[in-house]
>>> print(open('final.tsv').read())   # TSV, C-alpha atoms and all ligand atoms
chain	number	residue	atom	x	y	z
A	1	MET	CA	-23.80	-66.14	-9.97
A	2	PRO	CA	-22.02	-65.76	-13.30
A	3	LEU	CA	-18.62	-64.15	-13.19
A	4	SER	CA	-18.58	-60.77	-14.87
A	5	TRP	CA	-14.88	-61.09	-15.56
A	6	ALA	CA	-12.60	-63.77	-16.75
A	7	PRO	CA	-9.23	-64.34	-15.17
A	8	ASP	CA	-7.48	-63.55	-18.44
A	9	THR	CA	-9.08	-60.05	-18.53
A	10	VAL	CA	-7.32	-58.97	-15.36
A	11	SER	CA	-4.80	-56.34	-16.40
A	12	GLY	CA	-2.96	-55.88	-13.14
A	13	VAL	CA	-2.43	-57.10	-9.61
A	14	VAL	CA	-1.74	-55.20	-6.41
A	15	ASP	CA	-0.83	-57.07	-3.25
A	16	LEU	CA	-1.55	-55.15	-0.05
A	17	ALA	CA	-0.22	-58.01	2.05
A	18	THR	CA	-0.82	-56.94	5.68
A	19	THR	CA	-1.51	-53.25	4.85
A	20	GLU	CA	-5.07	-52.25	5.68
A	21	LEU	CA	-6.98	-50.34	3.02
A	22	GLU	CA	-7.54	-47.40	5.36
A	23	ARG	CA	-3.91	-47.31	6.39
A	24	GLY	CA	-2.45	-46.33	3.03
A	25	GLY	CA	-3.70	-49.39	1.13
A	26	GLU	CA	-6.14	-47.29	-0.88
A	27	LEU	CA	-3.24	-45.20	-2.16
A	28	LEU	CA	-1.61	-48.39	-3.48
A	29	VAL	CA	-4.88	-49.44	-5.15
A	30	LYS	CA	-5.30	-45.96	-6.69
A	31	LYS	CA	-1.75	-46.03	-8.02
A	32	ALA	CA	-2.30	-49.48	-9.56
A	33	LEU	CA	-5.59	-48.37	-11.18
A	34	ALA	CA	-3.97	-45.20	-12.54
A	35	GLY	CA	-1.63	-47.37	-14.57
A	36	LEU	CA	-4.50	-49.23	-16.26
A	37	ALA	CA	-6.84	-48.26	-19.09
A	38	HIS	CA	-10.33	-47.01	-18.31
A	39	GLY	CA	-12.57	-50.02	-17.52
A	40	ALA	CA	-9.69	-52.43	-17.01
A	41	CYS	CA	-9.71	-54.93	-14.14
A	42	LEU	CA	-7.33	-54.98	-11.21
A	43	GLU	CA	-6.94	-57.89	-8.86
A	44	VAL	CA	-6.47	-56.78	-5.26
A	45	ARG	CA	-4.82	-59.20	-2.85
A	46	GLY	CA	-4.41	-58.79	0.85
A	47	GLU	CA	-4.46	-60.56	4.17
A	48	SER	CA	-6.91	-58.34	6.04
A	49	PRO	CA	-10.15	-60.21	6.84
A	50	HIS	CA	-12.05	-56.92	6.27
A	51	LEU	CA	-10.56	-56.23	2.88
A	52	ARG	CA	-13.66	-57.16	0.85
A	53	THR	CA	-15.98	-54.99	2.96
A	54	HIS	CA	-13.65	-52.02	2.98
A	55	LEU	CA	-12.85	-52.30	-0.69
A	56	ARG	CA	-16.54	-52.41	-1.63
A	57	ALA	CA	-17.22	-49.18	0.30
A	58	TRP	CA	-14.14	-47.52	-1.10
A	59	CYS	CA	-15.08	-48.45	-4.70
A	60	ARG	CA	-18.58	-47.04	-4.19
A	61	GLY	CA	-17.18	-43.76	-2.94
A	62	HIS	CA	-14.69	-43.43	-5.78
A	63	GLY	CA	-16.77	-44.47	-8.77
A	64	HIS	CA	-15.12	-47.86	-9.25
A	65	GLU	CA	-16.76	-51.29	-9.24
A	66	LEU	CA	-15.99	-54.27	-7.08
A	67	LEU	CA	-17.03	-57.07	-9.40
A	68	PRO	CA	-19.08	-59.94	-8.01
A	69	SER	CA	-17.06	-63.09	-7.62
A	70	THR	CA	-17.57	-66.40	-5.93
A	71	ASP	CA	-14.05	-67.04	-4.80
A	72	ARG	CA	-11.57	-65.11	-2.72
A	73	ASN	CA	-10.41	-63.00	-5.64
A	74	LEU	CA	-11.19	-59.32	-5.35
A	75	ILE	CA	-11.50	-57.70	-8.74
A	76	VAL	CA	-11.93	-53.96	-9.14
A	77	ARG	CA	-12.99	-52.46	-12.45
A	78	GLY	CA	-11.46	-49.02	-12.55
A	79	HIS	CA	-13.28	-45.99	-13.89
A	80	ASP	CA	-10.96	-43.04	-14.26
A	81	ASP	CA	-12.20	-39.81	-12.76
A	82	GLY	CA	-11.87	-38.08	-16.12
A	83	ALA	CA	-15.45	-36.87	-15.84
A	84	ARG	CA	-14.54	-34.73	-12.87
A	85	TRP	CA	-11.83	-32.98	-14.85
A	86	SER	CA	-13.45	-33.04	-18.29
A	87	ASN	CA	-14.73	-29.48	-17.86
A	88	ALA	CA	-11.67	-28.23	-16.01
A	89	THR	CA	-9.58	-25.37	-17.40
A	90	ARG	CA	-5.83	-25.09	-17.56
A	91	ALA	CA	-5.12	-21.70	-15.97
A	92	GLY	CA	-2.48	-20.53	-18.43
A	93	ALA	CA	1.04	-21.85	-17.84
A	94	ALA	CA	3.21	-21.65	-14.77
A	95	ARG	CA	6.18	-20.20	-16.66
A	96	ALA	CA	5.42	-16.69	-17.88
A	97	SER	CA	7.82	-17.24	-20.81
A	98	GLU	CA	5.54	-19.87	-22.40
A	99	ALA	CA	3.29	-18.63	-25.19
A	100	ASN	CA	-0.14	-17.54	-23.95
A	101	ALA	CA	0.88	-18.36	-20.38
A	102	VAL	CA	-0.39	-15.07	-18.96
A	103	ARG	CA	-3.93	-14.33	-20.07
A	104	ASP	CA	-5.32	-10.87	-20.78
A	105	ALA	CA	-8.34	-11.33	-18.52
A	106	PRO	CA	-8.21	-14.50	-16.40
A	107	PRO	CA	-11.66	-15.50	-15.13
A	108	PRO	CA	-12.50	-14.88	-11.45
A	109	SER	CA	-13.22	-18.61	-11.14
A	110	TRP	CA	-9.52	-19.41	-11.38
A	111	GLY	CA	-9.34	-17.80	-7.97
A	112	LEU	CA	-6.23	-18.60	-5.98
A	113	ALA	CA	-5.20	-21.50	-8.22
A	114	ALA	CA	-1.57	-21.54	-9.23
A	115	ARG	CA	-1.05	-20.25	-12.75
A	116	GLY	CA	-0.73	-23.42	-14.83
A	117	ALA	CA	-2.94	-25.54	-12.54
A	118	LEU	CA	-5.91	-27.57	-13.85
A	119	VAL	CA	-8.87	-25.80	-12.23
A	120	GLU	CA	-11.98	-27.86	-11.54
A	121	ALA	CA	-15.23	-26.56	-13.02
A	122	GLY	CA	-17.49	-25.06	-10.37
A	123	THR	CA	-14.67	-23.51	-8.33
A	124	ARG	CA	-16.03	-20.48	-6.48
A	125	GLU	CA	-15.29	-17.05	-7.91
A	126	PHE	CA	-12.98	-14.60	-6.21
A	127	HIS	CA	-13.23	-10.90	-6.87
A	128	PHE	CA	-9.88	-9.28	-7.42
A	129	HIS	CA	-10.11	-5.62	-8.43
A	130	LEU	CA	-6.99	-5.88	-10.60
A	131	GLY	CA	-7.66	-8.58	-13.12
A	132	ARG	CA	-6.59	-7.22	-16.52
A	133	LYS	CA	-3.11	-7.80	-17.85
A	134	ASP	CA	-2.89	-4.32	-19.37
A	135	GLU	CA	-3.28	-2.56	-16.07
A	136	LEU	CA	-0.62	-4.42	-14.11
A	137	TRP	CA	1.71	-6.50	-16.23
A	138	ALA	CA	5.26	-5.80	-17.41
A	139	ASP	CA	7.04	-8.22	-19.71
A	140	ASP	CA	10.13	-8.27	-17.47
A	141	VAL	CA	8.23	-8.40	-14.17
A	142	GLY	CA	9.65	-11.87	-13.40
A	143	ASP	CA	13.21	-10.60	-13.82
A	144	LEU	CA	12.44	-7.52	-11.73
A	145	TYR	CA	11.08	-9.76	-8.97
A	146	ARG	CA	14.20	-11.95	-8.99
A	147	GLN	CA	16.42	-8.84	-8.93
A	148	ALA	CA	14.40	-7.48	-6.02
A	149	LEU	CA	14.93	-10.70	-4.06
A	150	ALA	CA	18.64	-10.82	-4.85
A	151	SER	CA	19.03	-7.20	-3.67
A	152	GLN	CA	17.50	-7.61	-0.22
A	153	TRP	CA	19.77	-6.43	2.58
A	154	ASP	CA	19.76	-6.94	6.30
A	155	PRO	CA	19.86	-3.60	8.16
A	156	GLU	CA	21.71	-5.17	11.06
A	157	ARG	CA	24.66	-6.31	8.97
A	158	ALA	CA	24.53	-3.93	6.00
A	159	ILE	CA	24.66	-0.64	7.92
A	160	PRO	CA	27.75	0.45	9.91
A	161	TRP	CA	25.72	1.50	12.97
A	162	SER	CA	28.81	2.19	15.05
A	163	ALA	CA	30.49	4.49	12.51
A	164	VAL	CA	32.17	7.56	14.01
A	165	LEU	CA	29.94	10.65	14.25
A	166	GLU	CA	31.98	13.87	14.35
A	167	HIS	CA	29.68	16.44	12.75
A	168	PRO	CA	28.23	19.47	14.58
A	169	ALA	CA	25.08	19.00	16.70
A	170	GLU	CA	23.06	21.31	14.41
A	171	VAL	CA	23.84	19.10	11.43
A	172	GLU	CA	22.65	16.07	13.39
A	173	ASP	CA	19.42	17.97	14.18
A	174	ALA	CA	18.97	18.71	10.48
A	175	LEU	CA	19.54	15.05	9.63
A	176	VAL	CA	16.98	13.95	12.24
A	177	GLN	CA	14.42	16.36	10.74
A	178	ILE	CA	15.03	15.00	7.25
A	179	LEU	CA	14.76	11.41	8.50
A	180	THR	CA	11.49	12.23	10.27
A	181	TYR	CA	10.13	13.52	6.96
A	182	LEU	CA	11.46	10.46	5.11
A	183	ILE	CA	9.77	8.06	7.54
A	184	GLU	CA	6.28	9.38	6.82
A	185	ASN	CA	6.96	9.31	3.09
A	186	GLU	CA	8.20	5.72	3.32
A	187	THR	CA	5.07	4.82	5.24
A	188	ALA	CA	2.92	6.11	2.39
A	189	ALA	CA	5.12	4.18	-0.04
A	190	LEU	CA	4.52	1.00	2.01
A	191	VAL	CA	0.76	1.36	2.37
A	192	VAL	CA	0.13	1.86	-1.36
A	193	PRO	CA	1.76	-1.30	-2.84
A	194	ALA	CA	0.64	-3.37	0.16
A	195	ARG	CA	-2.97	-2.43	-0.57
A	196	PHE	CA	-2.74	-3.16	-4.28
A	197	ALA	CA	-0.84	-6.45	-3.77
A	198	SER	CA	-3.99	-7.86	-2.19
A	199	GLN	CA	-6.13	-6.78	-5.14
A	200	VAL	CA	-4.09	-8.40	-7.92
A	201	HIS	CA	-5.56	-11.54	-9.51
A	202	PRO	CA	-3.06	-14.25	-8.46
A	203	HIS	CA	-2.79	-15.29	-12.10
A	204	PHE	CA	-0.40	-12.31	-12.32
A	205	ARG	CA	1.79	-13.94	-9.72
A	206	GLU	CA	5.00	-12.01	-10.44
A	207	THR	CA	3.29	-8.62	-10.10
A	208	MET	CA	1.71	-9.68	-6.81
A	209	GLN	CA	5.08	-10.92	-5.54
A	210	LEU	CA	6.94	-7.81	-6.67
A	211	LEU	CA	4.46	-5.50	-4.92
A	212	ALA	CA	4.83	-7.58	-1.76
A	213	VAL	CA	8.63	-7.24	-1.87
A	214	GLN	CA	8.27	-3.52	-2.56
A	215	ALA	CA	6.18	-3.16	0.60
A	216	ALA	CA	8.86	-5.11	2.50
A	217	ASP	CA	11.54	-2.75	1.11
A	218	GLU	CA	9.60	0.22	2.46
A	219	ALA	CA	9.18	-1.47	5.83
A	220	ARG	CA	12.99	-1.73	5.96
A	221	HIS	CA	13.36	1.92	4.94
A	222	VAL	CA	11.05	2.98	7.78
A	223	GLU	CA	13.17	0.90	10.13
A	224	VAL	CA	16.60	2.20	9.13
A	225	PHE	CA	15.54	5.84	8.98
A	226	THR	CA	13.98	5.53	12.43
A	227	ARG	CA	16.99	3.76	13.88
A	228	ARG	CA	19.44	6.33	12.45
A	229	ALA	CA	17.28	9.23	13.71
A	230	LEU	CA	17.32	7.81	17.23
A	231	LEU	CA	21.03	7.01	17.20
A	232	CYS	CA	21.96	10.24	19.03
A	233	ARG	CA	18.60	11.85	19.74
A	234	ALA	CA	15.71	10.93	22.01
A	235	GLU	CA	13.10	12.69	19.88
A	236	LEU	CA	12.17	12.96	16.24
A	237	GLY	CA	11.56	16.17	14.27
A	238	THR	CA	8.33	17.65	12.94
A	239	SER	CA	5.61	16.34	10.66
A	240	SER	CA	3.80	19.06	8.71
A	241	ALA	CA	0.12	19.27	7.75
A	242	GLY	CA	1.07	20.15	4.16
A	243	GLY	CA	3.36	17.13	3.83
A	244	GLN	CA	0.68	14.80	5.12
A	245	ALA	CA	-1.97	16.36	2.87
A	246	SER	CA	0.26	15.56	-0.08
A	247	LEU	CA	0.77	11.97	1.04
A	248	GLN	CA	-2.94	11.51	1.67
A	249	THR	CA	-3.62	12.10	-2.03
A	250	LEU	CA	-1.34	9.11	-2.76
A	251	VAL	CA	-2.65	6.82	-0.06
A	252	GLU	CA	-6.26	7.44	-1.10
A	253	GLU	CA	-5.74	7.02	-4.84
A	254	ALA	CA	-7.98	4.05	-5.68
A	255	ASP	CA	-6.74	3.39	-9.21
A	256	PHE	CA	-3.62	1.23	-9.39
A	257	GLU	CA	-2.21	2.82	-12.52
A	258	MET	CA	-2.75	6.36	-11.26
A	259	ALA	CA	-1.25	5.47	-7.89
A	260	SER	CA	1.68	3.80	-9.60
A	261	PHE	CA	2.22	6.83	-11.81
A	262	LEU	CA	1.96	9.42	-9.02
A	263	LEU	CA	3.81	7.40	-6.37
A	264	SER	CA	6.50	5.61	-8.34
A	265	VAL	CA	7.12	7.49	-11.59
A	266	LEU	CA	6.87	10.97	-10.07
A	267	GLY	CA	7.32	10.49	-6.31
A	268	GLU	CA	9.84	7.68	-5.92
A	269	GLY	CA	11.62	8.86	-9.06
A	270	THR	CA	12.08	12.25	-7.36
A	271	PHE	CA	13.15	10.44	-4.19
A	272	VAL	CA	15.97	8.68	-6.04
A	273	ASN	CA	17.43	12.16	-6.64
A	274	LEU	CA	16.78	13.15	-3.03
A	275	LEU	CA	18.42	10.03	-1.59
A	276	THR	CA	21.40	10.40	-3.92
A	277	PHE	CA	21.76	14.01	-2.71
A	278	LEU	CA	21.53	12.86	0.90
A	279	ARG	CA	24.18	10.24	0.34
A	280	ARG	CA	26.48	12.84	-1.22
A	281	HIS	CA	26.03	15.20	1.75
A	282	ALA	CA	25.69	12.59	4.49
A	283	PRO	CA	27.68	13.68	7.56
A	284	ASP	CA	28.74	10.11	8.47
A	285	ASP	CA	29.31	6.67	6.96
A	286	CYS	CA	26.25	5.20	8.64
A	287	SER	CA	23.75	7.57	7.04
A	288	ALA	CA	25.67	7.51	3.72
A	289	GLU	CA	25.24	3.74	3.52
A	290	ILE	CA	21.56	3.98	4.47
A	291	PHE	CA	20.94	6.46	1.66
A	292	ARG	CA	22.93	4.37	-0.83
A	293	LEU	CA	20.96	1.20	-0.14
A	294	THR	CA	17.55	2.85	0.01
A	295	SER	CA	18.13	4.74	-3.25
A	296	GLN	CA	18.96	1.42	-4.96
A	297	ASP	CA	15.66	-0.04	-3.75
A	298	GLU	CA	13.78	3.04	-4.93
A	299	ALA	CA	15.32	2.78	-8.39
A	300	ARG	CA	13.81	-0.71	-8.66
A	301	HIS	CA	10.39	0.54	-7.61
A	302	VAL	CA	10.57	3.19	-10.32
A	303	ALA	CA	11.74	0.61	-12.89
A	304	PHE	CA	8.68	-1.61	-12.38
A	305	ALA	CA	6.23	1.31	-12.59
A	306	MET	CA	7.91	2.56	-15.75
A	307	ALA	CA	7.86	-0.92	-17.32
A	308	HIS	CA	4.19	-1.64	-16.73
A	309	LEU	CA	2.98	1.87	-17.50
A	310	MET	CA	5.07	2.14	-20.69
A	311	ARG	CA	3.60	-1.18	-21.83
A	312	HIS	CA	0.09	0.04	-21.19
A	313	ALA	CA	0.60	3.55	-22.59
A	314	ARG	CA	1.85	2.02	-25.85
A	315	LYS	CA	-1.37	0.05	-26.20
A	316	ASN	CA	-3.69	2.71	-24.89
A	317	PRO	CA	-2.71	6.33	-25.73
A	318	GLN	CA	-5.64	7.71	-23.68
A	319	LEU	CA	-3.78	6.63	-20.59
A	320	ARG	CA	-1.51	9.70	-20.91
A	321	GLU	CA	-4.52	11.97	-20.77
A	322	ARG	CA	-5.61	10.31	-17.54
A	323	PHE	CA	-2.10	10.71	-16.12
A	324	ALA	CA	-2.08	14.40	-16.96
A	325	ASN	CA	-5.50	14.86	-15.36
A	326	ALA	CA	-4.32	13.05	-12.23
A	327	VAL	CA	-1.32	15.38	-11.85
A	328	GLU	CA	-3.48	18.46	-12.38
A	329	GLN	CA	-6.14	17.28	-9.95
A	330	ARG	CA	-3.56	16.51	-7.31
A	331	HIS	CA	-1.98	19.91	-7.83
A	332	ASP	CA	-5.36	21.61	-7.42
A	333	ALA	CA	-6.16	19.57	-4.33
A	334	LEU	CA	-2.90	20.69	-2.74
A	335	ARG	CA	-3.01	24.29	-3.97
A	336	ASP	CA	-3.73	25.70	-0.52
A	337	THR	CA	-1.22	23.58	1.36
A	338	ALA	CA	2.37	24.48	2.08
A	339	GLY	CA	3.82	21.46	0.28
A	340	LEU	CA	7.27	20.70	1.61
A	341	ASN	CA	7.74	21.21	5.31
A	342	GLN	CA	9.84	24.40	5.61
A	343	GLU	CA	11.91	22.71	8.34
A	344	VAL	CA	12.79	19.99	5.84
A	345	PHE	CA	13.94	22.48	3.21
A	346	ASP	CA	16.04	24.36	5.77
A	347	SER	CA	17.50	21.09	7.02
A	348	LEU	CA	18.50	20.07	3.49
A	349	VAL	CA	20.33	23.39	3.14
A	350	LEU	CA	22.11	22.98	6.46
A	351	LEU	CA	23.02	19.35	5.76
A	352	ALA	CA	24.57	20.30	2.41
A	353	ALA	CA	26.21	23.36	4.04
A	354	GLY	CA	27.79	21.32	6.82
A	355	GLY	CA	27.88	24.39	9.14
A	356	TRP	CA	26.50	27.86	9.79
A	357	SER	CA	29.12	30.12	8.16
A	358	ARG	CA	27.73	32.35	5.38
A	359	PRO	CA	29.77	30.73	2.59
A	360	GLN	CA	28.70	27.29	3.81
A	361	ILE	CA	25.02	28.29	3.87
A	362	GLU	CA	25.28	29.79	0.38
A	363	ARG	CA	26.84	26.60	-0.92
A	364	GLY	CA	24.19	24.52	0.84
A	365	HIS	CA	21.41	26.61	-0.63
A	366	ASP	CA	22.87	26.35	-4.14
A	367	ALA	CA	23.12	22.57	-3.72
A	368	VAL	CA	19.42	22.28	-2.80
A	369	VAL	CA	18.42	24.48	-5.76
A	370	GLU	CA	20.54	22.23	-7.97
A	371	LEU	CA	18.80	19.19	-6.42
A	372	THR	CA	15.35	20.49	-7.36
A	373	ARG	CA	16.64	21.10	-10.90
A	374	GLU	CA	17.92	17.49	-11.11
A	375	MET	CA	14.57	16.24	-9.79
A	376	ASP	CA	12.76	18.18	-12.50
A	377	ILE	CA	15.05	16.85	-15.24
A	378	GLY	CA	14.51	13.29	-14.04
A	379	ARG	CA	10.72	13.65	-13.96
A	380	ARG	CA	10.67	15.15	-17.45
A	381	LYS	CA	12.79	12.27	-18.79
A	382	ARG	CA	10.47	9.66	-17.34
A	383	LEU	CA	7.38	11.49	-18.59
A	384	GLN	CA	8.86	11.58	-22.08
A	385	LYS	CA	9.54	7.84	-21.89
A	386	LEU	CA	5.84	7.42	-21.20
A	387	GLY	CA	5.17	9.26	-24.46
A	388	PHE	CA	4.61	12.88	-23.39
A	389	ASP	CA	6.22	15.48	-25.63
A	390	ALA	CA	8.87	17.75	-24.13
A	391	SER	CA	6.60	20.69	-23.37
A	392	ALA	CA	3.83	18.57	-21.80
A	393	ALA	CA	6.47	16.77	-19.73
A	394	ALA	CA	7.88	20.10	-18.49
A	395	GLU	CA	4.42	21.37	-17.61
A	396	LEU	CA	3.46	18.24	-15.67
A	397	SER	CA	6.80	18.05	-13.90
A	398	ALA	CA	6.32	21.63	-12.68
A	399	LEU	CA	2.93	20.66	-11.19
A	400	HIS	CA	4.40	17.79	-9.16
A	401	THR	CA	3.92	18.13	-5.40
A	402	ARG	CA	6.40	20.34	-3.56
A	403	ASN	CA	6.60	17.58	-0.98
A	404	PHE	CA	8.70	15.60	-3.55
A	405	MET	CA	6.93	12.24	-3.02
B	501	FE	FE	11.38	3.68	0.24
B	502	FE	FE	9.82	2.92	-2.82
>>> encode(input="final.tsv", output="structure tokens", more="lines below")
Ligand SMILES: [Fe+2]
Ligand SMILES: [Fe+2]
Amino acid sequence: MPLSWAPDTVSGVVDLATTELERGGELLVKKALAGLAHGACLEVRGESPHLRTHLRAWCRGHGHELLPSTDRNLIVRGHDDGARWSNATRAGAARASEANAVRDAPPPSWGLAARGALVEAGTREFHFHLGRKDELWADDVGDLYRQALASQWDPERAIPWSAVLEHPAEVEDALVQILTYLIENETAALVVPARFASQVHPHFRETMQLLAVQAADEARHVEVFTRRALLCRAELGTSSAGGQASLQTLVEEADFEMASFLLSVLGEGTFVNLLTFLRRHAPDDCSAEIFRLTSQDEARHVAFAMAHLMRHARKNPQLRERFANAVEQRHDALRDTAGLNQEVFDSLVLLAAGGWSRPQIERGHDAVVELTREMDIGRRKRLQKLGFDASAAAELSALHTRNFM
């Protein structure tokens, strides 16, 4: 049989010595072939008596050739597996800062592949509802995600749970009622980003990660509000039908941008004012620290919603019209509900009052009225940043749910 190779055409040698091909030897052969040009010959040496048989089978399975030879030499002609990857697509670039790294509409066939990976042709399609850059991307989303991670806090260590509590029992009752209300609002704020996180095309990795951290923030808020409420009381306060009706309109909003606008721009934005107020009037160091830390988290949630919605509203002015419609529809849907739980309003007054004397109650009432004014100013500012003029912003702010969130 004529030799189909000549000894001087061998471009490389790999010596497996006593290593069997199926015990890591194939990795050594692959590595040696990878260093050679397409079609080049590799001499494989080894002491295993089965090497020729195993190598022939391995070559067949991997598209290489074991060349016929009459002596003990084993010569493999390598064929790179370029064909397999010739129709593959580079799924953008891993680093969002690289030009064209994040695509406007990544194909469903990129699926779960890491952004920047080489994706084999024929990969099955995944169906993510949120797959367009305009609807979910913010240019600083990577920075916001890193800030969110750096700002995580451990409730056990961050909160002074054994702080002295010296306030009147009625003020504690008011605080427990407010916390009960906060818990259900935080639950809505957890459910919404958690749901959308699972719908984001993983190409938009930073948005997916940020929503996941946001949900984790809310889980922590639920925990600390619950733990503080149960610090001195065996039972929680009331949950009103009107409050839950308001939250249901958020939880059931199917459109990410509308949910983000209603929940984060209007609701969580309003909550930043509420939590700041609660910190100012907190009757003890423990609750003051809880309200300080949770308001910081909320400010981040608002910042992301503002960033991605401002980006989109700049490119698509019709988005504002849809926002306005969403506020009006929500207002109409809640027209016949009470809005804020009356017990919550009364509790806010009593908390700010600090006691039941008439001057205290007057002061507490004035403080809550001032709070609602601050909330309105904040909402109008954010609406104007999204491009609404002053009068439209005032009108929409006035239609925001009385439940605050
Ligand atoms: Fe929260
Ligand atoms: Fe939040």
>>> residues_near_ligand(input="final.tsv", ligand="ligand FE 502 (chain B)", cutoff="12 Å", atoms="all atoms listed in the file", output="PyMOL selection string")
chain A and resi 148+182-183+185-194+210-222+260+262-272+275+293-305+405
>>> write_last_selection(input="final.tsv", atoms="C-alpha atoms", output="mmCIF file, in the coordinates of the input")
data_model
loop_
_atom_site.group_PDB
_atom_site.id
_atom_site.type_symbol
_atom_site.label_atom_id
_atom_site.label_comp_id
_atom_site.auth_asym_id
_atom_site.auth_seq_id
_atom_site.Cartn_x
_atom_site.Cartn_y
_atom_site.Cartn_z
ATOM 1 C CA ALA A 148 14.400 -7.480 -6.020
ATOM 2 C CA LEU A 182 11.460 10.460 5.110
ATOM 3 C CA ILE A 183 9.770 8.060 7.540
ATOM 4 C CA ASN A 185 6.960 9.310 3.090
ATOM 5 C CA GLU A 186 8.200 5.720 3.320
ATOM 6 C CA THR A 187 5.070 4.820 5.240
ATOM 7 C CA ALA A 188 2.920 6.110 2.390
ATOM 8 C CA ALA A 189 5.120 4.180 -0.040
ATOM 9 C CA LEU A 190 4.520 1.000 2.010
ATOM 10 C CA VAL A 191 0.760 1.360 2.370
ATOM 11 C CA VAL A 192 0.130 1.860 -1.360
ATOM 12 C CA PRO A 193 1.760 -1.300 -2.840
ATOM 13 C CA ALA A 194 0.640 -3.370 0.160
ATOM 14 C CA LEU A 210 6.940 -7.810 -6.670
ATOM 15 C CA LEU A 211 4.460 -5.500 -4.920
ATOM 16 C CA ALA A 212 4.830 -7.580 -1.760
ATOM 17 C CA VAL A 213 8.630 -7.240 -1.870
ATOM 18 C CA GLN A 214 8.270 -3.520 -2.560
ATOM 19 C CA ALA A 215 6.180 -3.160 0.600
ATOM 20 C CA ALA A 216 8.860 -5.110 2.500
ATOM 21 C CA ASP A 217 11.540 -2.750 1.110
ATOM 22 C CA GLU A 218 9.600 0.220 2.460
ATOM 23 C CA ALA A 219 9.180 -1.470 5.830
ATOM 24 C CA ARG A 220 12.990 -1.730 5.960
ATOM 25 C CA HIS A 221 13.360 1.920 4.940
ATOM 26 C CA VAL A 222 11.050 2.980 7.780
ATOM 27 C CA SER A 260 1.680 3.800 -9.600
ATOM 28 C CA LEU A 262 1.960 9.420 -9.020
ATOM 29 C CA LEU A 263 3.810 7.400 -6.370
ATOM 30 C CA SER A 264 6.500 5.610 -8.340
ATOM 31 C CA VAL A 265 7.120 7.490 -11.590
ATOM 32 C CA LEU A 266 6.870 10.970 -10.070
ATOM 33 C CA GLY A 267 7.320 10.490 -6.310
ATOM 34 C CA GLU A 268 9.840 7.680 -5.920
ATOM 35 C CA GLY A 269 11.620 8.860 -9.060
ATOM 36 C CA THR A 270 12.080 12.250 -7.360
ATOM 37 C CA PHE A 271 13.150 10.440 -4.190
ATOM 38 C CA VAL A 272 15.970 8.680 -6.040
ATOM 39 C CA LEU A 275 18.420 10.030 -1.590
ATOM 40 C CA LEU A 293 20.960 1.200 -0.140
ATOM 41 C CA THR A 294 17.550 2.850 0.010
ATOM 42 C CA SER A 295 18.130 4.740 -3.250
ATOM 43 C CA GLN A 296 18.960 1.420 -4.960
ATOM 44 C CA ASP A 297 15.660 -0.040 -3.750
ATOM 45 C CA GLU A 298 13.780 3.040 -4.930
ATOM 46 C CA ALA A 299 15.320 2.780 -8.390
ATOM 47 C CA ARG A 300 13.810 -0.710 -8.660
ATOM 48 C CA HIS A 301 10.390 0.540 -7.610
ATOM 49 C CA VAL A 302 10.570 3.190 -10.320
ATOM 50 C CA ALA A 303 11.740 0.610 -12.890
ATOM 51 C CA PHE A 304 8.680 -1.610 -12.380
ATOM 52 C CA ALA A 305 6.230 1.310 -12.590
ATOM 53 C CA MET A 405 6.930 12.240 -3.020
#
>>> closest_residue(input="final.tsv", among="A:Val344, A:Arg363, A:Val224, A:Gln384", to="ligand FE 501 (chain B)", atoms="only C-alpha atoms and all ligand atoms")
A:Val224
>>> residues_around(input="final.tsv", residues="Thr207 of chain A", least_positions_apart="6", cutoff="12 Å", atoms="all atoms listed in the file", output="JSON, numbers by chain")
{"A": [96, 102, 130, 131, 132, 133, 134, 135, 136, 137, 138, 139, 140, 141, 142, 143, 144, 145, 146, 148, 193, 194, 196, 197, 198, 199, 200, 201, 213, 214, 301, 304, 305, 307, 308]}
>>> closest_residue(input="final.tsv", among="A:Arg314, A:Arg205, A:Arg84, A:Arg292", to="ligand FE 501 (chain B)", atoms="only C-alpha atoms and all ligand atoms")
A:Arg292
>>> residues_around(input="final.tsv", residues="segment 242-259 of chain A", least_positions_apart="6", cutoff="6 Å", atoms="all atoms listed in the file", output="count of residues only")
6
>>> closest_residue(input="final.tsv", among="A:Arg280, A:His400, A:His54, A:His312", to="Glu22 of chain A", atoms="only C-alpha atoms")
A:His54
>>> closest_residue(input="final.tsv", among="A:Leu274, A:Ala324, A:Val349, A:Leu396", to="ligand FE 501 (chain B)", atoms="all atoms listed in the file")
A:Leu274
>>> residues_around(input="final.tsv", residues="Gly12 of chain A", least_positions_apart="5", cutoff="8 Å", atoms="only C-alpha atoms", output="JSON, numbers by chain")
{"A": [32, 36, 41, 42, 43]}
>>> closest_residue(input="final.tsv", among="A:Leu67, A:Ile290, A:Ala333, A:Ala326", to="ligand FE 501 (chain B)", atoms="all atoms listed in the file")
A:Ile290
>>> atom_distance(input="final.tsv", atom1="atom CA of Ser239 of chain A", atom2="atom CA of Gln360 of chain A")
26.5 Å
>>> residues_near_point(input="final.tsv", point="(2.2, -21.2, -14.7)", cutoff="7 Å", atoms="all atoms listed in the file", output="ChimeraX atom specification")
/A:92-96,101,114-116
>>> closest_residue(input="final.tsv", among="A:Asp346, A:Trp161, A:Asp284, A:His203", to="Asp104 of chain A", atoms="only C-alpha atoms")
A:His203
>>> residues_around(input="final.tsv", residues="Gly111 of chain A", least_positions_apart="5", cutoff="12 Å", atoms="only C-alpha atoms", output="list in words")
Ala91, Pro106, Ala117, Leu118, Val119, Glu120, Ala121, Gly122, Thr123, Arg124, Glu125, Phe126, His127, Phe128, Gly131, Gln199, Val200, His201, Pro202, His203, Phe204 and Arg205 of chain A
